[in-house]
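Chemist: Here you go, model-v4.txt (compact mmCIF, N, CA and C atoms):
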```txt
# COMPACT_ATOMS: atom_id res chain seq x y z
N MET A 1 -45.80 0.08 63.35
CA MET A 1 -44.97 1.21 63.05
C MET A 1 -45.75 2.48 63.32
N THR A 2 -45.01 3.45 63.63
CA THR A 2 -45.65 4.74 63.87
C THR A 2 -45.86 5.43 62.55
N ARG A 3 -46.67 6.45 62.61
CA ARG A 3 -46.99 7.16 61.38
C ARG A 3 -45.76 7.83 60.77
N ARG A 4 -44.88 8.29 61.59
CA ARG A 4 -43.68 8.94 61.07
C ARG A 4 -42.71 7.93 60.48
N GLN A 5 -42.66 6.78 61.01
CA GLN A 5 -41.72 5.77 60.52
C GLN A 5 -42.16 5.17 59.19
N ARG A 6 -43.45 5.08 58.98
CA ARG A 6 -43.95 4.46 57.79
C ARG A 6 -43.49 5.21 56.52
N PRO A 7 -43.61 6.56 56.41
CA PRO A 7 -43.11 7.23 55.20
C PRO A 7 -41.60 7.07 55.02
N CYS A 8 -40.87 7.05 56.10
CA CYS A 8 -39.41 6.86 56.00
C CYS A 8 -39.10 5.47 55.47
N ALA A 9 -39.84 4.48 55.95
CA ALA A 9 -39.62 3.11 55.51
C ALA A 9 -39.99 2.98 54.03
N GLN A 10 -41.08 3.60 53.64
CA GLN A 10 -41.50 3.54 52.24
C GLN A 10 -40.48 4.27 51.36
N SER A 11 -39.99 5.40 51.86
CA SER A 11 -38.98 6.15 51.12
C SER A 11 -37.71 5.33 50.97
N GLY A 12 -37.30 4.65 52.03
CA GLY A 12 -36.11 3.81 51.98
C GLY A 12 -36.30 2.64 51.04
N LEU A 13 -37.48 2.02 51.10
CA LEU A 13 -37.78 0.90 50.22
C LEU A 13 -37.80 1.37 48.75
N SER A 14 -38.34 2.53 48.52
CA SER A 14 -38.36 3.09 47.17
C SER A 14 -36.94 3.35 46.67
N GLY A 15 -36.09 3.89 47.54
CA GLY A 15 -34.69 4.14 47.18
C GLY A 15 -33.96 2.85 46.88
N ILE A 16 -34.24 1.81 47.65
CA ILE A 16 -33.60 0.51 47.42
C ILE A 16 -34.06 -0.06 46.08
N GLN A 17 -35.35 0.06 45.79
CA GLN A 17 -35.87 -0.45 44.52
C GLN A 17 -35.26 0.32 43.34
N THR A 18 -35.15 1.66 43.50
CA THR A 18 -34.54 2.48 42.44
C THR A 18 -33.09 2.08 42.24
N SER A 19 -32.37 1.92 43.34
CA SER A 19 -30.95 1.51 43.26
C SER A 19 -30.81 0.15 42.63
N SER A 20 -31.69 -0.78 42.98
CA SER A 20 -31.64 -2.13 42.40
C SER A 20 -31.88 -2.06 40.90
N GLY A 21 -32.82 -1.22 40.47
CA GLY A 21 -33.08 -1.06 39.05
C GLY A 21 -31.87 -0.47 38.32
N GLU A 22 -31.25 0.52 38.95
CA GLU A 22 -30.07 1.14 38.34
C GLU A 22 -28.90 0.16 38.27
N VAL A 23 -28.76 -0.67 39.30
CA VAL A 23 -27.70 -1.68 39.30
C VAL A 23 -27.97 -2.69 38.18
N ALA A 24 -29.20 -3.10 38.03
CA ALA A 24 -29.55 -4.06 36.97
C ALA A 24 -29.27 -3.44 35.60
N THR A 25 -29.63 -2.16 35.43
CA THR A 25 -29.35 -1.47 34.17
C THR A 25 -27.84 -1.40 33.93
N GLY A 26 -27.07 -1.11 34.97
CA GLY A 26 -25.61 -1.05 34.86
C GLY A 26 -25.02 -2.39 34.49
N VAL A 27 -25.52 -3.44 35.11
CA VAL A 27 -25.04 -4.79 34.79
C VAL A 27 -25.34 -5.12 33.34
N ASP A 28 -26.54 -4.75 32.87
CA ASP A 28 -26.91 -5.00 31.47
C ASP A 28 -25.99 -4.23 30.52
N LEU A 29 -25.71 -2.96 30.86
CA LEU A 29 -24.82 -2.15 30.01
C LEU A 29 -23.41 -2.72 29.99
N VAL A 30 -22.91 -3.18 31.12
CA VAL A 30 -21.58 -3.79 31.18
C VAL A 30 -21.54 -5.05 30.33
N SER A 31 -22.62 -5.83 30.40
CA SER A 31 -22.69 -7.06 29.60
C SER A 31 -22.69 -6.73 28.10
N LYS A 32 -23.47 -5.73 27.70
CA LYS A 32 -23.51 -5.34 26.29
C LYS A 32 -22.17 -4.78 25.85
N THR A 33 -21.50 -4.03 26.72
CA THR A 33 -20.17 -3.50 26.39
C THR A 33 -19.18 -4.63 26.19
N GLY A 34 -19.25 -5.65 27.04
CA GLY A 34 -18.38 -6.82 26.88
C GLY A 34 -18.60 -7.52 25.56
N GLU A 35 -19.88 -7.68 25.17
CA GLU A 35 -20.19 -8.30 23.88
C GLU A 35 -19.65 -7.47 22.72
N ALA A 36 -19.81 -6.15 22.81
CA ALA A 36 -19.32 -5.27 21.75
C ALA A 36 -17.80 -5.36 21.64
N LEU A 37 -17.12 -5.38 22.78
CA LEU A 37 -15.66 -5.49 22.77
C LEU A 37 -15.21 -6.83 22.19
N THR A 38 -15.95 -7.88 22.47
CA THR A 38 -15.64 -9.19 21.91
C THR A 38 -15.77 -9.16 20.40
N GLN A 39 -16.84 -8.53 19.90
CA GLN A 39 -17.03 -8.41 18.46
C GLN A 39 -15.92 -7.57 17.83
N ILE A 40 -15.53 -6.49 18.48
CA ILE A 40 -14.45 -5.64 17.97
C ILE A 40 -13.16 -6.45 17.90
N GLY A 41 -12.88 -7.21 18.94
CA GLY A 41 -11.67 -8.05 18.95
C GLY A 41 -11.68 -9.05 17.80
N ALA A 42 -12.84 -9.65 17.53
CA ALA A 42 -12.94 -10.61 16.42
C ALA A 42 -12.72 -9.91 15.08
N LEU A 43 -13.25 -8.70 14.94
CA LEU A 43 -13.04 -7.95 13.70
C LEU A 43 -11.57 -7.56 13.51
N VAL A 44 -10.91 -7.21 14.59
CA VAL A 44 -9.48 -6.86 14.50
C VAL A 44 -8.69 -8.08 14.05
N VAL A 45 -9.00 -9.23 14.61
CA VAL A 45 -8.31 -10.46 14.20
C VAL A 45 -8.59 -10.75 12.73
N ALA A 46 -9.86 -10.58 12.31
CA ALA A 46 -10.22 -10.83 10.91
C ALA A 46 -9.51 -9.86 9.97
N MET A 47 -9.35 -8.60 10.38
CA MET A 47 -8.66 -7.62 9.54
C MET A 47 -7.16 -7.86 9.53
N ASN A 48 -6.64 -8.43 10.57
CA ASN A 48 -5.20 -8.66 10.67
C ASN A 48 -4.72 -9.66 9.62
N GLN A 49 -5.55 -10.64 9.27
CA GLN A 49 -5.14 -11.66 8.29
C GLN A 49 -4.87 -11.05 6.91
N PRO A 50 -5.79 -10.22 6.34
CA PRO A 50 -5.46 -9.62 5.04
C PRO A 50 -4.27 -8.66 5.11
N VAL A 51 -4.14 -7.96 6.23
CA VAL A 51 -3.01 -7.03 6.37
C VAL A 51 -1.70 -7.82 6.38
N ASP A 52 -1.68 -8.95 7.06
CA ASP A 52 -0.49 -9.81 7.06
C ASP A 52 -0.19 -10.31 5.65
N ALA A 53 -1.24 -10.68 4.91
CA ALA A 53 -1.04 -11.17 3.53
C ALA A 53 -0.48 -10.06 2.65
N ILE A 54 -0.99 -8.85 2.83
CA ILE A 54 -0.48 -7.71 2.05
C ILE A 54 0.98 -7.45 2.38
N ALA A 55 1.32 -7.50 3.66
CA ALA A 55 2.70 -7.26 4.08
C ALA A 55 3.63 -8.32 3.49
N MET A 56 3.19 -9.58 3.51
CA MET A 56 4.02 -10.65 2.96
C MET A 56 4.18 -10.47 1.45
N SER A 57 3.11 -10.11 0.76
CA SER A 57 3.20 -9.88 -0.68
C SER A 57 4.14 -8.72 -0.99
N SER A 58 4.08 -7.69 -0.17
CA SER A 58 4.97 -6.54 -0.37
C SER A 58 6.43 -6.95 -0.21
N ARG A 59 6.71 -7.78 0.78
CA ARG A 59 8.10 -8.26 0.97
C ARG A 59 8.54 -9.09 -0.24
N GLU A 60 7.64 -9.95 -0.73
CA GLU A 60 7.98 -10.78 -1.89
C GLU A 60 8.22 -9.90 -3.13
N GLN A 61 7.39 -8.87 -3.30
CA GLN A 61 7.59 -7.96 -4.42
C GLN A 61 8.92 -7.23 -4.30
N SER A 62 9.26 -6.85 -3.09
CA SER A 62 10.51 -6.14 -2.86
C SER A 62 11.70 -7.02 -3.25
N VAL A 63 11.64 -8.28 -2.84
CA VAL A 63 12.71 -9.22 -3.20
C VAL A 63 12.76 -9.40 -4.72
N GLY A 64 11.59 -9.55 -5.35
CA GLY A 64 11.54 -9.72 -6.80
C GLY A 64 12.10 -8.51 -7.53
N LEU A 65 11.74 -7.31 -7.06
CA LEU A 65 12.26 -6.09 -7.69
C LEU A 65 13.77 -5.96 -7.51
N ALA A 66 14.26 -6.38 -6.36
CA ALA A 66 15.71 -6.34 -6.14
C ALA A 66 16.42 -7.28 -7.11
N GLU A 67 15.83 -8.46 -7.34
CA GLU A 67 16.42 -9.41 -8.28
C GLU A 67 16.40 -8.85 -9.71
N ILE A 68 15.28 -8.21 -10.07
CA ILE A 68 15.18 -7.59 -11.40
C ILE A 68 16.23 -6.49 -11.54
N ASN A 69 16.38 -5.68 -10.51
CA ASN A 69 17.35 -4.60 -10.54
C ASN A 69 18.77 -5.15 -10.71
N THR A 70 19.08 -6.22 -10.02
CA THR A 70 20.39 -6.85 -10.15
C THR A 70 20.60 -7.36 -11.57
N ALA A 71 19.57 -7.99 -12.14
CA ALA A 71 19.68 -8.52 -13.51
C ALA A 71 19.85 -7.38 -14.52
N VAL A 72 19.10 -6.29 -14.36
CA VAL A 72 19.22 -5.16 -15.28
C VAL A 72 20.61 -4.54 -15.17
N ASN A 73 21.12 -4.39 -13.97
CA ASN A 73 22.47 -3.86 -13.80
C ASN A 73 23.50 -4.76 -14.46
N SER A 74 23.32 -6.06 -14.33
CA SER A 74 24.24 -7.01 -14.96
C SER A 74 24.19 -6.88 -16.48
N LEU A 75 22.96 -6.78 -17.03
CA LEU A 75 22.82 -6.61 -18.48
C LEU A 75 23.43 -5.29 -18.93
N ASP A 76 23.27 -4.27 -18.13
CA ASP A 76 23.83 -2.96 -18.46
C ASP A 76 25.35 -3.04 -18.54
N HIS A 77 25.95 -3.74 -17.57
CA HIS A 77 27.41 -3.89 -17.59
C HIS A 77 27.87 -4.71 -18.79
N MET A 78 27.10 -5.77 -19.08
CA MET A 78 27.45 -6.62 -20.22
C MET A 78 27.32 -5.82 -21.52
N ASN A 79 26.28 -5.01 -21.62
CA ASN A 79 26.07 -4.18 -22.80
C ASN A 79 27.22 -3.19 -22.97
N ALA A 80 27.62 -2.56 -21.87
CA ALA A 80 28.72 -1.60 -21.94
C ALA A 80 30.01 -2.30 -22.38
N ALA A 81 30.24 -3.51 -21.90
CA ALA A 81 31.44 -4.26 -22.28
C ALA A 81 31.39 -4.62 -23.77
N MET A 82 30.21 -4.98 -24.25
CA MET A 82 30.08 -5.32 -25.68
C MET A 82 30.30 -4.09 -26.55
N VAL A 83 29.80 -2.94 -26.12
CA VAL A 83 30.00 -1.71 -26.89
C VAL A 83 31.49 -1.39 -26.95
N GLU A 84 32.16 -1.51 -25.83
CA GLU A 84 33.60 -1.22 -25.81
C GLU A 84 34.35 -2.18 -26.72
N ALA A 85 33.95 -3.44 -26.70
CA ALA A 85 34.63 -4.44 -27.52
C ALA A 85 34.39 -4.18 -29.00
N ASN A 86 33.22 -3.67 -29.35
CA ASN A 86 32.89 -3.44 -30.76
C ASN A 86 33.38 -2.10 -31.29
N GLU A 87 33.78 -1.22 -30.42
CA GLU A 87 34.32 0.06 -30.89
C GLU A 87 35.74 -0.18 -31.37
N SER A 88 35.90 -0.13 -32.64
CA SER A 88 37.22 -0.37 -33.22
C SER A 88 37.40 0.55 -34.41
N PRO A 89 38.63 0.68 -34.88
CA PRO A 89 38.85 1.50 -36.08
C PRO A 89 38.02 1.02 -37.26
N ASN A 90 37.72 -0.27 -37.32
CA ASN A 90 36.92 -0.80 -38.43
C ASN A 90 35.54 -0.16 -38.48
N LEU A 91 34.96 0.06 -37.34
CA LEU A 91 33.64 0.68 -37.30
C LEU A 91 33.68 2.08 -37.88
N HIS A 92 34.70 2.83 -37.54
CA HIS A 92 34.84 4.18 -38.07
C HIS A 92 35.08 4.15 -39.59
N GLU A 93 35.84 3.16 -40.02
CA GLU A 93 36.09 3.02 -41.46
C GLU A 93 34.80 2.71 -42.22
N LEU A 94 33.98 1.85 -41.64
CA LEU A 94 32.72 1.50 -42.28
C LEU A 94 31.80 2.72 -42.37
N ILE A 95 31.73 3.48 -41.33
CA ILE A 95 30.86 4.66 -41.33
C ILE A 95 31.37 5.70 -42.31
N SER A 96 32.68 5.83 -42.43
CA SER A 96 33.24 6.84 -43.32
C SER A 96 32.97 6.53 -44.79
N GLN A 97 32.61 5.30 -45.11
CA GLN A 97 32.31 4.94 -46.49
C GLN A 97 31.00 5.55 -46.96
N PHE A 98 30.14 5.89 -46.03
CA PHE A 98 28.87 6.51 -46.42
C PHE A 98 29.11 7.98 -46.67
N ASN A 99 28.77 8.42 -47.85
CA ASN A 99 28.98 9.80 -48.23
C ASN A 99 27.62 10.40 -48.58
N VAL A 100 27.24 11.41 -47.84
CA VAL A 100 25.97 12.07 -48.09
C VAL A 100 26.28 13.40 -48.76
N SER A 101 25.81 13.53 -49.98
CA SER A 101 26.10 14.76 -50.72
C SER A 101 25.06 15.81 -50.38
N ALA A 102 25.39 17.03 -50.66
CA ALA A 102 24.50 18.16 -50.38
C ALA A 102 23.19 18.03 -51.14
N PRO A 103 23.18 17.68 -52.43
CA PRO A 103 21.89 17.58 -53.13
C PRO A 103 20.96 16.54 -52.49
N ALA A 104 21.51 15.43 -52.02
CA ALA A 104 20.68 14.41 -51.37
C ALA A 104 20.08 14.95 -50.08
N THR A 105 20.86 15.73 -49.36
CA THR A 105 20.38 16.32 -48.12
C THR A 105 19.27 17.31 -48.41
N GLU A 106 19.48 18.13 -49.46
CA GLU A 106 18.44 19.10 -49.84
C GLU A 106 17.18 18.39 -50.29
N HIS A 107 17.31 17.28 -51.01
CA HIS A 107 16.16 16.52 -51.46
C HIS A 107 15.39 15.95 -50.27
N ALA A 108 16.08 15.42 -49.28
CA ALA A 108 15.45 14.87 -48.09
C ALA A 108 14.72 15.97 -47.32
N TYR A 109 15.29 17.15 -47.26
CA TYR A 109 14.66 18.28 -46.58
C TYR A 109 13.39 18.69 -47.30
N ALA A 110 13.44 18.69 -48.64
CA ALA A 110 12.27 19.06 -49.43
C ALA A 110 11.16 18.04 -49.26
N LEU A 111 11.51 16.78 -49.19
CA LEU A 111 10.50 15.74 -48.97
C LEU A 111 9.84 15.89 -47.61
N ARG A 112 10.61 16.21 -46.60
CA ARG A 112 10.05 16.40 -45.26
C ARG A 112 9.09 17.58 -45.22
N LYS A 113 9.44 18.63 -45.96
CA LYS A 113 8.66 19.85 -45.98
C LYS A 113 7.31 19.62 -46.65
N THR A 114 7.28 18.82 -47.72
CA THR A 114 6.03 18.59 -48.46
C THR A 114 5.22 17.47 -47.85
N GLY A 115 5.84 16.55 -47.16
CA GLY A 115 5.15 15.39 -46.63
C GLY A 115 4.54 15.67 -45.35
```
Do you think you could lay out the structure here as structure tokens?
Modeler:
Amino acid sequence: MTRRQRPCAQSGLSGIQTSSGEVATGVDLVSKTGEALTQIGALVVAMNQPVDAIAMSSREQSVGLAEINTAVNSLDHMNAAMVEANESPNLHELISQFNVSAPATEHAYALRKTG
């Protein structure tokens, strides 16, 4: 080789070696990125299981609360029907038998004031 060709050849060889090193570094980085993405995917799958369990529990609670609401509404209707059935002139007659006199009321007020 001539003297002028030798530095060019060395420069080219150096560039090839640098490029090869950079390619190897890039391949290593791509490999590490793939491993990281695999780990992330596994973590997402692992997190998905408790989230699914929470969602299922929430649905079950919703159904249970709806059943409780239906039962309370039914009891409310039954209670209203019983109150209507028990409201009679007899009830008013029974209540009218209780007579609270003014002195008893004043005595109760005095007791509240001192107690």
Chemist: In Å, rounded to a single decimal, give me how far atom N of A:Met82 is from atom N of A:Leu94.
Modeler: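 A separation of 19.1 Å between them.
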Chemist: For atom CA of A:Gln49 and atom C of A:Ser31, determine how far apart the two atoms are, in Å to one decimal place.
Modeler: 26.9 Å
Chemist: As an exercise, work out the distance from atom CA of A:Met56 to atom CA of A:Val44 in Å and give it to one decimal place.
Modeler: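 Answer for the atom CA of A:Met56 to atom CA of A:Val44 separation: 18.2 Å.
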